[in-house]
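Remarks on the structure that follows.
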Amino acid sequence: MSSAEDLELLGAALERLRAGFADLPPADRPTDQAAIAQVLTEVADRLRDNYPYFHPLYAGQMLKPPHPVARLAYELALWINPNNHALDGGRASSAMEKEAVADLARMIGWDTHLGHLCGGGTMANLEALWVAGQLHPGATILASTQAHYTHRRITGLLSQPFEAIPCDRRGRMDVAALERRLAAGGVGTVVATIGTTATGAVDPLAAVLDLRSDYDFRVHADAAYGGYFLLADNLEPETRQAYDRLGDVASIAIDPHKHGLQPYGCGCVLFRDPSVGRLYRHDSPYTYYTSTELHLGEIGLECSRPGAAAVALWATQRLLPLVRNGEFAKGLSDGRAAALALHERLGQDDRFVTGGPPELDILVWAPRAGRVSDASNLSRRVFAQAAQRQLHLALASLPVHLFDVRDIERDRDTIICLRSVLMKPEHREWVERIWGILDEATRAAGVGASGGARPGH
Ligand SMILES: Cc1ncc(COP(=O)(O)O)c(C=O)c1O
């Protein structure tokens, strides 16, 4: 849809919204349109200094454009600018938040829940671990070495002890190591990552949950990135097994602003047991007076929050319901298919070493070289050469054991590799084009020429 068509839709919807307030005495303040136009031109010029996140050739970090309906609904809501802290500040948008969050909970398989939107994955995980810490004060919180760094920081903030559990070769929590740590005692909560930031690895959730028959601990799922893949129809069996048990965890962080087609500022935390709401209980001298109904600020740590984010999410889920085999689900499967296709290409080419097959839509690889340090340097060169050809990848520093580097001298424990997050459905059709540019960039970086050749092959 072109932006002119978008603006026409927005104009019509805005007229309808304004009509709802037509009985108020006029109070429009004049604005200097020419001055605004000038500033907007400057803004547009400033914003040109960006990578093209909206385009399929942007295949680097976790950045996915919001759906047009999300942008339009967000903008429409800004005319009201509701605040979902309390019903005092956002009546309709609070109701829409409760409905949209209930849809997310239903996707997990929960008919009852406690949950709300928040600033993002960091905030969602903070709330979940804050609740976990109150239920198991002073007990250790565990997450894998590939879990997002936010968990160590959050537990520091909460003054809860934290320890990292090693990962297997695919970047998933090592369950045997977890069991050894549980046996040593003092653990209150285990964070299972459902889609790690670096490689999209999914911790073996079923095995983690099964350990609760021998040890007493709470499981929180950090599904900030991967949660929505529950709906995908092309997961490998082990990954599917983890998703099939997602409903058995105590709490979940899931980010609509990652895979839910939302603008930034939209995370979500969900608790299976609604009674944890008691832990949030507080009085506010300023709010909660307009209604005896639940105000979202009564069950969240943040106060002011954008009601527009809830409206955008509600609108998106209305258009694209969270169901398996629906259009939204297909978009996720397409991204994963794209990642598998590119991984296969890379795996068949002697110039590269790859990480394990992608479990979601993230893949990592590095140019083959005599030593790990040389491979790291070549990764940087390919990254730069690809960017010159308008293909934007990402770089990551990861443990060498995640790669098949049997014939490479391990002069470092970590390797700087190339990383690509193929999270746009269009990536499926763009894989060949991406591969073509990558191939050119790899040649231009001198991979396979001097020192980059596979020894003994
Ligand atoms: C698994 C995971 N958890 C948490 C976060 C933090 O989320 P946010 O950046 O929305 O605060 C991220 C971000 O990439 C993530 O991938």
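The chains in the structure tokens are called A, B, ... from first to last as shown; in each chain the residues are counted from 1, and the ligands are counted from 1 in the order shown.
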
Contacts of stretch 402-411 of chain A within 12 Å, only C-alpha atoms, excl. fewer than 3 positions in-chain, as a ChimeraX atom specification:
/A:146,166-172,198-199,201,347,350,352-358,363-376,397-399,414-418,451-457

Those same residues, written as a compact mmCIF listing (two decimals), in the first residue's frame with N, CA and C atoms?
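Output file result14.txt is given in full below:
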```
# COMPACT_ATOMS: atom_id res chain seq x y z
N GLN A 146 23.71 -18.31 26.68
CA GLN A 146 23.25 -17.62 25.47
C GLN A 146 21.98 -16.81 25.73
N PRO A 166 25.77 -23.59 31.03
CA PRO A 166 26.37 -23.71 29.70
C PRO A 166 25.37 -24.19 28.64
N CYS A 167 25.77 -23.99 27.39
CA CYS A 167 24.91 -24.39 26.26
C CYS A 167 25.55 -25.53 25.48
N ASP A 168 24.71 -26.22 24.71
CA ASP A 168 25.23 -27.26 23.81
C ASP A 168 25.71 -26.60 22.51
N ARG A 169 26.09 -27.42 21.54
CA ARG A 169 26.67 -26.87 20.29
C ARG A 169 25.67 -26.05 19.49
N ARG A 170 24.38 -26.21 19.79
CA ARG A 170 23.40 -25.41 19.04
C ARG A 170 22.93 -24.18 19.83
N GLY A 171 23.61 -23.90 20.94
CA GLY A 171 23.29 -22.69 21.70
C GLY A 171 22.09 -22.85 22.60
N ARG A 172 21.73 -24.11 22.92
CA ARG A 172 20.58 -24.37 23.79
C ARG A 172 21.08 -24.78 25.17
N ALA A 198 21.17 -14.24 19.72
CA ALA A 198 22.25 -14.42 18.76
C ALA A 198 21.87 -15.34 17.61
N THR A 199 21.29 -16.51 17.95
CA THR A 199 21.09 -17.52 16.90
C THR A 199 19.66 -18.04 16.82
N ALA A 201 18.20 -19.85 19.05
CA ALA A 201 18.13 -21.21 19.62
C ALA A 201 17.00 -21.28 20.65
N GLY A 347 26.13 -23.77 3.76
CA GLY A 347 26.69 -25.07 4.17
C GLY A 347 27.28 -25.83 3.00
N ASP A 350 32.29 -24.27 0.31
CA ASP A 350 33.51 -24.48 1.10
C ASP A 350 34.12 -23.21 1.68
N PHE A 352 32.77 -21.19 3.59
CA PHE A 352 32.16 -20.79 4.87
C PHE A 352 32.15 -21.92 5.89
N VAL A 353 32.13 -21.51 7.16
CA VAL A 353 31.75 -22.44 8.24
C VAL A 353 30.43 -21.90 8.79
N THR A 354 29.53 -22.79 9.14
CA THR A 354 28.22 -22.33 9.63
C THR A 354 28.00 -22.77 11.07
N GLY A 355 27.06 -22.05 11.72
CA GLY A 355 26.55 -22.53 13.00
C GLY A 355 25.55 -23.65 12.69
N GLY A 356 24.89 -24.15 13.70
CA GLY A 356 23.91 -25.22 13.48
C GLY A 356 22.75 -24.70 12.62
N PRO A 357 21.94 -25.62 12.09
CA PRO A 357 20.79 -25.18 11.29
C PRO A 357 19.89 -24.25 12.12
N PRO A 358 19.37 -23.19 11.51
CA PRO A 358 18.55 -22.25 12.30
C PRO A 358 17.29 -22.93 12.84
N LEU A 363 20.39 -16.89 11.34
CA LEU A 363 21.49 -17.80 11.00
C LEU A 363 22.82 -17.10 11.17
N VAL A 364 23.85 -17.89 11.45
CA VAL A 364 25.20 -17.34 11.66
C VAL A 364 26.19 -18.16 10.85
N TRP A 365 27.23 -17.48 10.36
CA TRP A 365 28.28 -18.15 9.60
C TRP A 365 29.52 -17.28 9.60
N ALA A 366 30.62 -17.88 9.17
CA ALA A 366 31.86 -17.10 9.09
C ALA A 366 32.65 -17.61 7.89
N PRO A 367 33.48 -16.75 7.33
CA PRO A 367 34.36 -17.21 6.25
C PRO A 367 35.36 -18.23 6.82
N ARG A 368 35.65 -19.24 6.05
CA ARG A 368 36.64 -20.24 6.48
C ARG A 368 38.04 -19.63 6.37
N ALA A 369 38.87 -19.90 7.35
CA ALA A 369 40.24 -19.37 7.32
C ALA A 369 41.14 -20.30 8.11
N GLY A 370 42.45 -20.03 8.08
CA GLY A 370 43.39 -20.91 8.79
C GLY A 370 43.19 -20.85 10.30
N ARG A 371 42.93 -19.65 10.80
CA ARG A 371 42.76 -19.48 12.25
C ARG A 371 41.45 -18.76 12.54
N VAL A 372 40.95 -18.94 13.74
CA VAL A 372 39.70 -18.27 14.14
C VAL A 372 39.83 -16.76 14.03
N SER A 373 41.02 -16.24 14.43
CA SER A 373 41.20 -14.78 14.37
C SER A 373 41.14 -14.28 12.92
N ASP A 374 41.66 -15.09 11.97
CA ASP A 374 41.60 -14.68 10.55
C ASP A 374 40.15 -14.71 10.07
N ALA A 375 39.42 -15.72 10.50
CA ALA A 375 38.01 -15.82 10.10
C ALA A 375 37.24 -14.59 10.61
N SER A 376 37.58 -14.17 11.83
CA SER A 376 36.92 -13.00 12.41
C SER A 376 37.18 -11.75 11.57
N SER A 397 29.79 -11.68 18.09
CA SER A 397 30.93 -12.38 18.67
C SER A 397 30.38 -13.56 19.46
N LEU A 398 30.67 -14.78 19.01
CA LEU A 398 30.05 -15.96 19.63
C LEU A 398 31.10 -17.01 19.99
N PRO A 399 30.76 -17.90 20.94
CA PRO A 399 31.71 -18.96 21.29
C PRO A 399 32.01 -19.84 20.06
N THR A 414 36.33 -17.10 21.04
CA THR A 414 35.13 -16.55 20.38
C THR A 414 35.49 -16.17 18.95
N ILE A 415 34.48 -16.22 18.12
CA ILE A 415 34.68 -15.89 16.71
C ILE A 415 33.73 -14.75 16.35
N ILE A 416 34.24 -13.81 15.59
CA ILE A 416 33.32 -12.78 15.07
C ILE A 416 32.75 -13.34 13.78
N CYS A 417 31.44 -13.48 13.78
CA CYS A 417 30.79 -14.12 12.64
C CYS A 417 29.78 -13.17 12.01
N LEU A 418 29.28 -13.59 10.88
CA LEU A 418 28.18 -12.86 10.24
C LEU A 418 26.87 -13.43 10.75
N GLY A 451 44.84 -17.25 2.22
CA GLY A 451 44.64 -17.63 3.63
C GLY A 451 43.21 -18.00 3.96
N GLY A 452 42.31 -17.85 2.99
CA GLY A 452 40.93 -18.14 3.30
C GLY A 452 40.51 -19.50 2.79
N ALA A 453 41.42 -20.21 2.14
CA ALA A 453 41.03 -21.49 1.54
C ALA A 453 40.91 -22.56 2.62
N ARG A 454 40.06 -23.54 2.33
CA ARG A 454 39.86 -24.62 3.28
C ARG A 454 41.08 -25.52 3.27
N PRO A 455 41.78 -25.66 4.38
CA PRO A 455 42.98 -26.48 4.37
C PRO A 455 42.64 -27.95 4.14
N GLY A 456 43.36 -28.57 3.22
CA GLY A 456 43.19 -30.01 3.00
C GLY A 456 41.96 -30.37 2.20
N HIS A 457 41.28 -29.41 1.59
CA HIS A 457 40.09 -29.74 0.80
C HIS A 457 40.20 -29.19 -0.59
```

All residues 9 Å or closer to stretch 281-283 of chain A, only C-alpha atoms, same chain fewer than 5 positions away omitted, as a count of residues only:
3

Which residues come within 8 Å of A:Leu231, counting only C-alpha atoms, excluding same-chain residues fewer than 5 positions away, as a PyMOL selection string?
chain A and resi 322-325+329+332

Neighbours of ligand 1 within 8 Å, counting only C-alpha atoms and all ligand atoms, as a PyMOL selection string?
chain A and resi 62+119-125+147-150+193-198+222-226+253+255+257-258+264-267

Please report, as a list in words, each residue of stretch 29-225 of chain A to which DSSP assigns strand (DSSP E) when run on this structure's backbone.
Leu114, Gly115, His116, Leu117, Cys118, Thr140, Ile141, Leu142, Ala143, Ser144, Phe162, Glu163, Ala164, Ile165, Val187, Gly188, Thr189, Val190, Val191, Ala192, Thr193, Arg218, Val219, His220, Ala221, Asp222 and Ala223 of chain A

Tell me, as a count of residues only, which residues lie within 9 Å of A:Pro263, counting only C-alpha atoms; anything in the same chain fewer than 2 positions away does not count.
15
